[in-house]
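What follows is coords.csv (CSV, C-alpha atoms).
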chain,number,residue,atom,x,y,z
A,4,MET,CA,71.2,59.3,107.1
A,5,GLU,CA,69.8,58.0,110.4
A,6,ALA,CA,71.2,60.3,113.1
A,7,ASP,CA,69.6,58.2,115.9
A,8,ARG,CA,71.3,54.9,115.1
A,9,PRO,CA,73.6,53.6,117.8
A,10,VAL,CA,77.3,53.8,117.2
A,11,PRO,CA,78.8,50.5,115.9
A,12,PHE,CA,80.0,48.3,118.7
A,13,GLU,CA,83.6,47.0,118.7
A,14,VAL,CA,84.4,44.0,120.8
A,15,CYS,CA,87.9,44.5,122.2
A,16,PRO,CA,90.3,41.6,121.3
A,17,ILE,CA,91.2,41.0,125.0
A,18,VAL,CA,87.5,40.7,125.9
A,19,GLU,CA,86.9,38.5,122.9
A,20,LYS,CA,89.6,36.1,124.0
A,21,ALA,CA,88.2,35.9,127.6
A,22,PHE,CA,84.7,35.1,126.3
A,23,GLY,CA,86.3,32.6,123.9
A,24,LEU,CA,87.9,30.7,126.8
A,25,MET,CA,85.0,31.0,129.3
A,26,GLY,CA,82.3,30.6,126.6
A,27,LYS,CA,83.3,27.0,125.9
A,28,LYS,CA,81.0,24.1,127.0
A,29,TRP,CA,81.8,23.1,130.6
A,30,THR,CA,84.5,25.7,131.3
A,31,GLY,CA,82.3,27.8,133.6
A,32,LEU,CA,81.1,24.8,135.5
A,33,ILE,CA,84.7,23.6,136.0
A,34,VAL,CA,85.6,27.0,137.5
A,35,HIS,CA,82.4,26.9,139.5
A,36,VAL,CA,83.4,23.5,141.0
A,37,LEU,CA,87.0,24.6,141.7
A,38,ALA,CA,85.7,27.7,143.5
A,39,SER,CA,84.8,25.3,146.3
A,40,GLY,CA,88.4,24.1,146.6
A,41,GLU,CA,91.1,22.1,144.9
A,42,ARG,CA,90.0,18.8,143.3
A,43,ARG,CA,91.4,15.7,141.8
A,44,PHE,CA,90.6,14.9,138.2
A,45,SER,CA,88.2,12.1,139.2
A,46,GLU,CA,86.3,14.5,141.5
A,47,LEU,CA,85.9,17.0,138.7
A,48,LEU,CA,84.7,14.2,136.4
A,49,GLU,CA,82.1,13.3,138.9
A,50,ALA,CA,81.1,16.9,139.8
A,51,VAL,CA,80.6,18.2,136.2
A,52,PRO,CA,77.5,16.6,134.8
A,53,ARG,CA,77.9,14.6,131.7
A,54,ILE,CA,81.4,15.7,130.8
A,55,SER,CA,83.7,13.1,129.3
A,56,SER,CA,87.2,12.3,130.5
A,57,ARG,CA,88.6,13.5,127.2
A,58,ILE,CA,86.9,16.8,127.1
A,59,LEU,CA,87.6,17.4,130.8
A,60,SER,CA,91.4,16.9,130.1
A,61,GLN,CA,91.1,19.3,127.2
A,62,ARG,CA,89.3,22.0,129.2
A,63,LEU,CA,91.7,21.7,132.1
A,64,ALA,CA,94.7,22.1,129.7
A,65,GLU,CA,93.0,25.2,128.2
A,66,LEU,CA,92.4,26.7,131.6
A,67,GLU,CA,96.0,25.9,132.7
A,68,ALA,CA,97.3,27.6,129.5
A,69,GLY,CA,95.1,30.6,130.2
A,70,GLY,CA,96.6,31.0,133.7
A,71,VAL,CA,93.3,30.2,135.4
A,72,LEU,CA,94.2,27.0,137.1
A,73,ALA,CA,97.3,25.2,138.4
A,74,ARG,CA,98.0,21.5,138.4
A,75,ALA,CA,100.0,20.1,141.2
A,76,VAL,CA,101.5,16.6,141.1
A,77,PHE,CA,102.1,14.8,144.4
A,78,PRO,CA,104.5,11.8,144.0
A,79,GLU,CA,102.5,9.4,146.1
A,80,THR,CA,101.3,5.9,145.2
A,81,PRO,CA,99.2,6.3,143.3
A,82,VAL,CA,100.3,9.7,142.0
A,83,ARG,CA,97.9,12.4,143.2
A,84,VAL,CA,97.2,15.3,140.8
A,85,MET,CA,95.3,18.3,142.2
A,86,TYR,CA,93.7,21.1,140.2
A,87,SER,CA,93.2,24.5,141.9
A,88,LEU,CA,92.4,28.0,140.8
A,89,THR,CA,95.3,30.5,140.5
A,90,GLU,CA,94.9,34.1,141.7
A,91,LYS,CA,93.7,35.0,138.2
A,92,GLY,CA,91.3,32.1,138.4
A,93,ARG,CA,90.0,33.1,141.8
A,94,ALA,CA,89.2,36.5,140.3
A,95,LEU,CA,86.6,34.6,138.2
A,96,ILE,CA,84.7,33.3,141.3
A,97,PRO,CA,82.4,36.4,141.7
A,98,ILE,CA,81.5,36.0,138.0
A,99,VAL,CA,80.6,32.3,138.1
A,100,ARG,CA,78.8,32.9,141.4
A,101,GLY,CA,77.0,35.7,139.8
A,102,LEU,CA,75.8,33.4,137.0
A,103,ALA,CA,74.7,30.8,139.5
A,104,ASP,CA,72.8,33.4,141.5
A,105,TRP,CA,71.2,34.7,138.3
A,106,ALA,CA,70.0,31.2,137.5
A,107,HIS,CA,68.3,30.8,140.9
A,108,ARG,CA,66.9,34.4,140.9
A,109,TRP,CA,65.4,34.1,137.5
A,110,GLY,CA,64.0,30.6,137.8
A,111,GLY,CA,66.4,28.9,135.5
A,112,VAL,CA,66.5,28.9,131.8
A,113,GLU,CA,63.4,27.9,129.9
A,114,SER,CA,64.2,24.9,127.7
A,115,GLY,CA,62.2,26.2,124.9
A,116,GLY,CA,60.8,22.7,124.6
A,117,VAL,CA,57.1,21.8,124.8
A,118,GLU,CA,56.0,19.8,127.8
A,119,SER,CA,54.2,16.6,126.9
A,120,GLY,CA,50.8,16.2,128.5
B,17,MET,CA,89.1,6.7,155.0
B,18,GLU,CA,90.5,10.2,154.2
B,19,ALA,CA,88.8,12.5,156.7
B,20,ASP,CA,90.2,15.6,155.1
B,21,ARG,CA,88.9,15.1,151.6
B,22,PRO,CA,86.5,17.8,150.5
B,23,VAL,CA,82.8,16.8,150.2
B,24,PRO,CA,81.6,15.9,146.8
B,25,PHE,CA,80.4,18.8,144.8
B,26,GLU,CA,76.9,18.7,143.3
B,27,VAL,CA,76.1,21.1,140.5
B,28,CYS,CA,72.5,22.2,140.8
B,29,PRO,CA,70.5,21.5,137.6
B,30,ILE,CA,69.3,25.1,137.4
B,31,VAL,CA,72.9,26.3,137.5
B,32,GLU,CA,73.9,23.7,135.0
B,33,LYS,CA,71.2,24.9,132.6
B,34,ALA,CA,72.4,28.5,133.0
B,35,PHE,CA,76.0,27.6,132.3
B,36,GLY,CA,74.8,25.5,129.4
B,37,LEU,CA,73.1,28.5,127.8
B,38,MET,CA,75.8,31.1,128.6
B,39,GLY,CA,78.7,28.7,128.0
B,40,LYS,CA,78.1,28.4,124.3
B,41,LYS,CA,80.4,30.0,121.8
B,42,TRP,CA,79.4,33.6,121.1
B,43,THR,CA,76.5,33.8,123.6
B,44,GLY,CA,78.4,35.9,126.2
B,45,LEU,CA,79.6,38.3,123.5
B,46,ILE,CA,76.1,38.7,122.1
B,47,VAL,CA,74.8,39.7,125.5
B,48,HIS,CA,77.9,41.9,125.9
B,49,VAL,CA,77.0,43.7,122.7
B,50,LEU,CA,73.3,44.0,123.5
B,51,ALA,CA,74.2,45.5,126.9
B,52,SER,CA,75.1,48.6,125.0
B,53,GLY,CA,71.5,48.9,123.6
B,54,GLU,CA,69.2,47.3,121.1
B,55,ARG,CA,70.6,46.2,117.8
B,56,ARG,CA,69.6,45.0,114.4
B,57,PHE,CA,70.7,41.5,113.2
B,58,SER,CA,73.2,43.1,110.8
B,59,GLU,CA,74.7,45.2,113.6
B,60,LEU,CA,75.1,42.1,115.8
B,61,LEU,CA,76.7,40.3,112.8
B,62,GLU,CA,79.2,43.1,112.4
B,63,ALA,CA,79.9,43.5,116.2
B,64,VAL,CA,80.5,39.9,117.1
B,65,PRO,CA,83.8,38.9,115.6
B,66,ARG,CA,83.8,36.0,113.2
B,67,ILE,CA,80.3,34.8,113.9
B,68,SER,CA,78.3,33.4,110.9
B,69,SER,CA,74.8,34.5,110.0
B,70,ARG,CA,73.6,31.0,110.6
B,71,ILE,CA,75.1,30.6,114.1
B,72,LEU,CA,74.0,34.2,115.1
B,73,SER,CA,70.4,33.3,114.2
B,74,GLN,CA,70.7,30.1,116.2
B,75,ARG,CA,72.1,31.9,119.3
B,76,LEU,CA,69.5,34.6,119.1
B,77,ALA,CA,66.8,32.0,119.0
B,78,GLU,CA,68.3,30.2,122.0
B,79,LEU,CA,68.6,33.4,124.0
B,80,GLU,CA,65.0,34.3,123.1
B,81,ALA,CA,63.8,30.9,124.2
B,82,GLY,CA,65.7,31.4,127.4
B,83,GLY,CA,63.9,34.6,128.1
B,84,VAL,CA,67.2,36.6,127.8
B,85,LEU,CA,66.3,38.7,124.8
B,86,ALA,CA,63.3,40.0,123.0
B,87,ARG,CA,62.8,40.4,119.3
B,88,ALA,CA,60.7,43.3,118.0
B,89,VAL,CA,59.5,43.5,114.4
B,90,PHE,CA,58.7,47.0,113.0
B,91,PRO,CA,56.6,46.8,109.8
B,92,GLU,CA,58.6,49.3,107.8
B,93,THR,CA,60.1,48.9,104.4
B,94,PRO,CA,62.4,47.1,104.7
B,95,VAL,CA,61.0,45.4,107.8
B,96,ARG,CA,63.2,46.3,110.8
B,97,VAL,CA,63.9,43.6,113.4
B,98,MET,CA,65.4,44.7,116.7
B,99,TYR,CA,67.0,42.6,119.4
B,100,SER,CA,67.1,43.8,123.0
B,101,LEU,CA,67.7,42.3,126.4
B,102,THR,CA,64.7,41.6,128.6
B,103,GLU,CA,64.7,42.4,132.3
B,104,LYS,CA,66.1,38.8,132.9
B,105,GLY,CA,68.8,39.5,130.2
B,106,ARG,CA,69.7,42.9,131.7
B,107,ALA,CA,70.4,41.0,135.0
B,108,LEU,CA,73.3,39.4,133.1
B,109,ILE,CA,75.0,42.7,132.4
B,110,PRO,CA,77.0,42.8,135.6
B,111,ILE,CA,78.2,39.3,134.9
B,112,VAL,CA,79.4,39.9,131.3
B,113,ARG,CA,80.9,43.3,132.4
B,114,GLY,CA,82.6,41.4,135.2
B,115,LEU,CA,84.2,39.1,132.7
B,116,ALA,CA,85.2,42.0,130.4
B,117,ASP,CA,86.8,43.8,133.4
B,118,TRP,CA,88.5,40.5,134.5
B,119,ALA,CA,90.0,40.2,131.0
B,120,HIS,CA,91.5,43.7,131.1
B,121,ARG,CA,92.6,43.4,134.7
B,122,TRP,CA,94.4,40.2,134.1
B,123,GLY,CA,96.0,41.1,130.8
B,124,GLY,CA,93.9,38.8,128.7
B,125,VAL,CA,94.1,35.1,128.3
B,126,GLU,CA,97.4,33.6,127.2
B,127,SER,CA,97.1,31.7,124.0
B,128,GLY,CA,99.2,28.9,125.2
B,129,GLY,CA,100.9,29.1,121.8
B,130,VAL,CA,104.6,29.6,121.4
B,131,GLU,CA,105.8,32.9,120.0
B,132,SER,CA,107.9,32.5,116.9
B,133,GLY,CA,111.2,34.4,117.2
Translate this structure into structure tokens?
Amino acid sequence: MEADRPVPFEVCPIVEKAFGLMGKKWTGLIVHVLASGERRFSELLEAVPRISSRILSQRLAELEAGGVLARAVFPETPVRVMYSLTEKGRALIPIVRGLADWAHRWGGVESGGVESG
Amino acid sequence: MEADRPVPFEVCPIVEKAFGLMGKKWTGLIVHVLASGERRFSELLEAVPRISSRILSQRLAELEAGGVLARAVFPETPVRVMYSLTEKGRALIPIVRGLADWAHRWGGVESGGVESG
């Protein structure tokens, strides 16, 4: 018996789901961009580096299903579709800002690669 | 010309890298578990729901390369390997706690699925 072993850690299912949504490639960056205000699809596509149109659509649908963003359709010509954070989504702003601040404070993430020279 | 359009949003490359590391499946949960103290590989495997041994190894290597965690090998029989957050990794604790608190505050993430009834 090892009396000094830490107790097993249980991840709560609600927490697991939230990390599952936010821990998908690009999701955090999409929220980070929307934190600056509502955007069109084309603006998001331009702002999020290297995301494809297909994956952006998929992530936006996941975030909408998760209650994080709202999609508003304006019947203009051409139709204008705007994406914005809901109240629940805006509650994520301090978290994504925290990660951005962390990145700057800690000098970025080492690539783990070897510099050629 | 639309004078009221928001200015284009540029994602800083340092921020992009940090979201790239943390926005991978399981990474946030691994940091969340390590926030409670150092852990063995087997403990992490048990604590992080549904992660495979292969993916856990990969994520731990990425987090080590990113300076987020440290791996300590104790020459016992059997050899004991412990994973713990570095100072840089501990700076992520408020962020992962923030996401866990958000999940509880906002009642989790809707699955987007339809309840059968």
Exercise answer, chain A residues close to chain B, 7 Å and only C-alpha atoms, as JSON, numbers by chain: {"A": [12, 13, 14, 17, 18, 20, 21, 22, 23, 25, 26, 27, 28, 29, 31, 32, 36, 50, 51, 68, 69, 91, 98, 101, 102, 103, 106, 107, 109, 111, 112, 113, 114, 115]}
What is the distance, in Å and to one decimal place, between CA of Leu76 in chain B and CA of Ile96 in chain A?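 Here the two named atoms are 26.9 Å from each other.
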So how many Å separate CA of Ala75 in chain A and CA of Arg53 in chain A, to one decimal? 24.7 Å
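Pairwise distance (CA of Phe90 in chain B, CA of Leu72 in chain B) equals 20.1 Å.
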Mind writing range 17-48 of chain A to a file for me, with C-alpha atoms, as a PDB file, in the first residue's frame?
ATOM      1  CA  ILE A  17     -19.751  18.356 -18.016  1.00  0.00           C
ATOM      2  CA  VAL A  18     -16.115  19.456 -17.958  1.00  0.00           C
ATOM      3  CA  GLU A  19     -15.182  16.701 -20.402  1.00  0.00           C
ATOM      4  CA  LYS A  20     -17.832  17.938 -22.865  1.00  0.00           C
ATOM      5  CA  ALA A  21     -16.643  21.538 -22.633  1.00  0.00           C
ATOM      6  CA  PHE A  22     -13.033  20.501 -23.267  1.00  0.00           C
ATOM      7  CA  GLY A  23     -14.287  18.312 -26.097  1.00  0.00           C
ATOM      8  CA  LEU A  24     -15.943  21.290 -27.797  1.00  0.00           C
ATOM      9  CA  MET A  25     -13.199  23.853 -27.125  1.00  0.00           C
ATOM     10  CA  GLY A  26     -10.353  21.386 -27.612  1.00  0.00           C
ATOM     11  CA  LYS A  27     -10.996  20.984 -31.313  1.00  0.00           C
ATOM     12  CA  LYS A  28      -8.648  22.421 -33.860  1.00  0.00           C
ATOM     13  CA  TRP A  29      -9.564  26.083 -34.670  1.00  0.00           C
ATOM     14  CA  THR A  30     -12.457  26.364 -32.194  1.00  0.00           C
ATOM     15  CA  GLY A  31     -10.572  28.535 -29.716  1.00  0.00           C
ATOM     16  CA  LEU A  32      -9.309  30.781 -32.501  1.00  0.00           C
ATOM     17  CA  ILE A  33     -12.838  31.234 -33.887  1.00  0.00           C
ATOM     18  CA  VAL A  34     -14.042  32.351 -30.446  1.00  0.00           C
ATOM     19  CA  HIS A  35     -10.946  34.565 -30.144  1.00  0.00           C
ATOM     20  CA  VAL A  36     -11.805  36.282 -33.453  1.00  0.00           C
ATOM     21  CA  LEU A  37     -15.515  36.651 -32.579  1.00  0.00           C
ATOM     22  CA  ALA A  38     -14.512  38.212 -29.243  1.00  0.00           C
ATOM     23  CA  SER A  39     -13.631  41.297 -31.304  1.00  0.00           C
ATOM     24  CA  GLY A  40     -17.177  41.558 -32.673  1.00  0.00           C
ATOM     25  CA  GLU A  41     -19.600  39.876 -35.045  1.00  0.00           C
ATOM     26  CA  ARG A  42     -18.202  38.650 -38.355  1.00  0.00           C
ATOM     27  CA  ARG A  43     -19.279  37.329 -41.709  1.00  0.00           C
ATOM     28  CA  PHE A  44     -18.258  33.854 -42.794  1.00  0.00           C
ATOM     29  CA  SER A  45     -15.742  35.286 -45.286  1.00  0.00           C
ATOM     30  CA  GLU A  46     -14.173  37.446 -42.580  1.00  0.00           C
ATOM     31  CA  LEU A  47     -13.756  34.436 -40.300  1.00  0.00           C
ATOM     32  CA  LEU A  48     -12.278  32.447 -43.158  1.00  0.00           C
TER      33      LEU A  48
END
